[in-house]
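Worksheet: the structure to be examined is printed underneath.
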Amino acid sequence: MSTTSQWIDIAGPDGSFQAYLAVPHVGKGPAIILLQEIFGVNEHIRAVADQYAADGYVVLVPDLFWRAGAHIELGYDEAGWKRAVELMQATDNEHALSDIKATVAALRARPEVTGKLASVGYCFGGRLSYQAAAAGLVDAAIAYYGGGIQNKLDLAEQIKVPLLMHFGSQDSHIPLDAVQKIATRFEDTQDVEIHVYPDAEHGFNCTHRDSYQQRAAALAHGNSLIFLAENL
């Protein structure tokens with residue numbers, strides 16, 4: 001299945017920024033706002049967007065680091081990690097959420113969008129996907145190894161939409177006791193799924209990282225597609 005992609009402008013409350021748009025070959029479908037890792041809207045994240053577009057979704061990826069510089073793309077080497085952490089620490093959470101809100105509004109208004117809208121986020125973006133659900137911005141949310149969710153469980157009661165979370169059992173950034181804390185908080189909550197993938201490290205979905213694990217990535221993508229099909 002072929003897709004088309006382009007960068008488009010988003011009008012935000014603090015100024016204009018860009019987002020990467022990927023559209024399925026049929027030209028329409030339900031919507032996904034895809035939320036980046038700390039490495040920017042890099043080659044990997046654009047490939048993920050293209051994959052979801054190939055799966056039939058209209059995908060928009062906001063450049064959440066635009067205040068520090070447009071189209072920042074980082075790799076996964078030591079220098080990339082160092083700069084990525086600096087950018088994450090310099091990013092104001094409320095600014096990021098306001099950018100997500102503006103992107104969601106722009107995405108819902110696009111003529112290609114024919115259904116509901118979900119957020120799908122990775123790492124830094126996984127936490128933001130969880131927060132977008134709590135803020136009522138999306139109709140469903142997926143968080144891949146969302147760092148810090150265990151510290152924001154006060155938002156849990158605000159989540160009224162289906163939520164899917166993916167974690168690796170060997171994540172060196174998110175210990176299993178943090179995952180257990182999240183699971184305990186949501187154990188009696190309807191429409192919340194948590195999957196823990198054996199022997200999977202942080203970033204197991206990223207083909208550009210040494211931590212990529214094909215089996216976990218395939219299982220998580222399959223679970224995500226089922227979740228999206230059921231909820232959008």
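Within each chain, counting starts at residue 1; across the structure tokens, chains are named A, B, ... in the order shown, with ligands numbered 1 upward in that order.
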
List the spatial neighbours of segment 204-210 of chain A as JSON, numbers by chain - criterion: any atom at most 12 Å away, only C-alpha atoms, same-chain residues fewer than 3 positions off excluded.
{"A": [36, 37, 39, 42, 43, 44, 45, 46, 47, 48, 74, 75, 76, 77, 78, 80, 81, 121, 122, 123, 143, 144, 145, 166, 167, 168, 169, 170, 171, 172, 196, 197, 198, 199, 200, 201, 213, 214, 215, 216, 217, 218, 219, 220, 221, 222]}

Exercise: Gly136 of chain A partners within 10 Å, only C-alpha atoms, chain neighbours under 5 positions left out, as number ranges by chain
A: 101, 131, 158-161

Among segment 6-219 of chain A, which residues does DSSP mark as helix (DSSP H, G or I) when it is run on the backbone? Keep the chain and numbering as in the structure and answer as a PyMOL selection string.
chain A and resi 43-54+78-90+93-109+124-134+149-151+153-158+176-186+214-219

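Counting only C-alpha atoms and comparing A:Trp7, A:Phe124, A:Phe17, A:Tyr52, the residue that lies closest to Trp66 of chain A is A:Phe17.
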
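Between atom CA of Leu232 of chain A and atom CA of Lys116 of chain A the separation is 5.1 Å.
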
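Note that DSSP on the backbone gives strand (DSSP E) to these residues of segment 25-62 of chain A: Gly29, Pro30, Ala31, Ile32, Ile33, Leu34, Leu35, Val58, Val59, Leu60, Val61 and Pro62 of chain A.
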
Selection above as a file: N, CA and C atoms, as a tab-separated table (two decimals), in the first residue's frame:
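Writing done, so here's part_37.tsv:
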chain	number	residue	atom	x	y	z
A	29	GLY	N	-9.29	8.24	6.13
A	29	GLY	CA	-9.31	7.23	7.17
A	29	GLY	C	-9.41	7.86	8.55
A	30	PRO	N	-9.49	7.04	9.59
A	30	PRO	CA	-9.43	7.55	10.96
A	30	PRO	C	-8.08	8.21	11.20
A	31	ALA	N	-7.96	8.94	12.29
A	31	ALA	CA	-6.77	9.78	12.50
A	31	ALA	C	-5.92	9.30	13.66
A	32	ILE	N	-4.61	9.53	13.51
A	32	ILE	CA	-3.64	9.30	14.59
A	32	ILE	C	-2.76	10.53	14.71
A	33	ILE	N	-2.64	11.07	15.92
A	33	ILE	CA	-1.58	12.03	16.21
A	33	ILE	C	-0.45	11.22	16.82
A	34	LEU	N	0.69	11.24	16.15
A	34	LEU	CA	1.85	10.44	16.56
A	34	LEU	C	2.82	11.34	17.31
A	35	LEU	N	3.22	10.91	18.49
A	35	LEU	CA	4.02	11.75	19.37
A	35	LEU	C	5.42	11.17	19.51
A	58	VAL	N	-4.81	8.31	8.81
A	58	VAL	CA	-4.26	9.63	8.49
A	58	VAL	C	-3.45	10.07	9.71
A	59	VAL	N	-2.14	10.23	9.53
A	59	VAL	CA	-1.22	10.41	10.66
A	59	VAL	C	-0.57	11.79	10.60
A	60	LEU	N	-0.55	12.47	11.75
A	60	LEU	CA	0.09	13.77	11.84
A	60	LEU	C	1.04	13.77	13.04
A	61	VAL	N	2.29	14.17	12.80
A	61	VAL	CA	3.34	14.12	13.82
A	61	VAL	C	3.84	15.54	14.10
A	62	PRO	N	3.43	16.16	15.20
A	62	PRO	CA	3.90	17.53	15.48
A	62	PRO	C	5.36	17.57	15.89

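The closest residue to Ile38 of chain A, picked from A:Glu187, A:Asp99, A:Glu86, A:Asp50 and counting only C-alpha atoms, is A:Glu86.
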
Could you list, as an MDAnalysis selection string, every residue within 9 Å of Asp14 of chain A, counting only C-alpha atoms and ignoring same-chain residues fewer than 2 positions away?
chainID A and resid 11:12 16 95 98:99

I'd like the neighbourhood of Ile8 of chain A as number ranges by chain, where a residue qualifies if any of its atoms comes within 8 Å (using only C-alpha atoms), though same-chain residues fewer than 5 positions away should be ignored.
A: 18-21

Identify, on the basis of only C-alpha atoms, every residue whose closest approach to Leu164 of chain A does not exceed 9 Å; exclude the query and any residue fewer than 3 positions from it along the same chain; express the result as a ChimeraX atom specification.
/A:140-144,191-195,223-224,227

Just the residues within 8 Å of Thr4 of chain A, please, counting only C-alpha atoms, with nothing from its chain fewer than 2 positions along; format it as JSON, numbers by chain.
{"A": [2, 6, 22, 23, 24, 25]}

Same residues, N, CA and C atoms, output as a compact mmCIF listing (two decimals), in the first residue's frame:
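So the final result, stored in part-v5.txt, reads:
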# COMPACT_ATOMS: atom_id res chain seq x y z
N SER A 2 0.69 2.12 -0.98
CA SER A 2 1.48 3.33 -1.05
C SER A 2 0.86 4.42 -0.17
N GLN A 6 3.96 14.77 3.61
CA GLN A 6 4.44 16.13 3.45
C GLN A 6 4.50 16.80 4.82
N ALA A 22 1.16 12.02 7.03
CA ALA A 22 1.19 10.82 6.17
C ALA A 22 -0.24 10.36 5.94
N VAL A 23 -0.58 10.13 4.68
CA VAL A 23 -1.96 9.80 4.29
C VAL A 23 -1.97 8.47 3.54
N PRO A 24 -2.93 7.58 3.83
CA PRO A 24 -3.00 6.30 3.11
C PRO A 24 -3.36 6.49 1.64
N HIS A 25 -3.11 5.47 0.85
CA HIS A 25 -3.31 5.59 -0.59
C HIS A 25 -4.77 5.85 -0.95
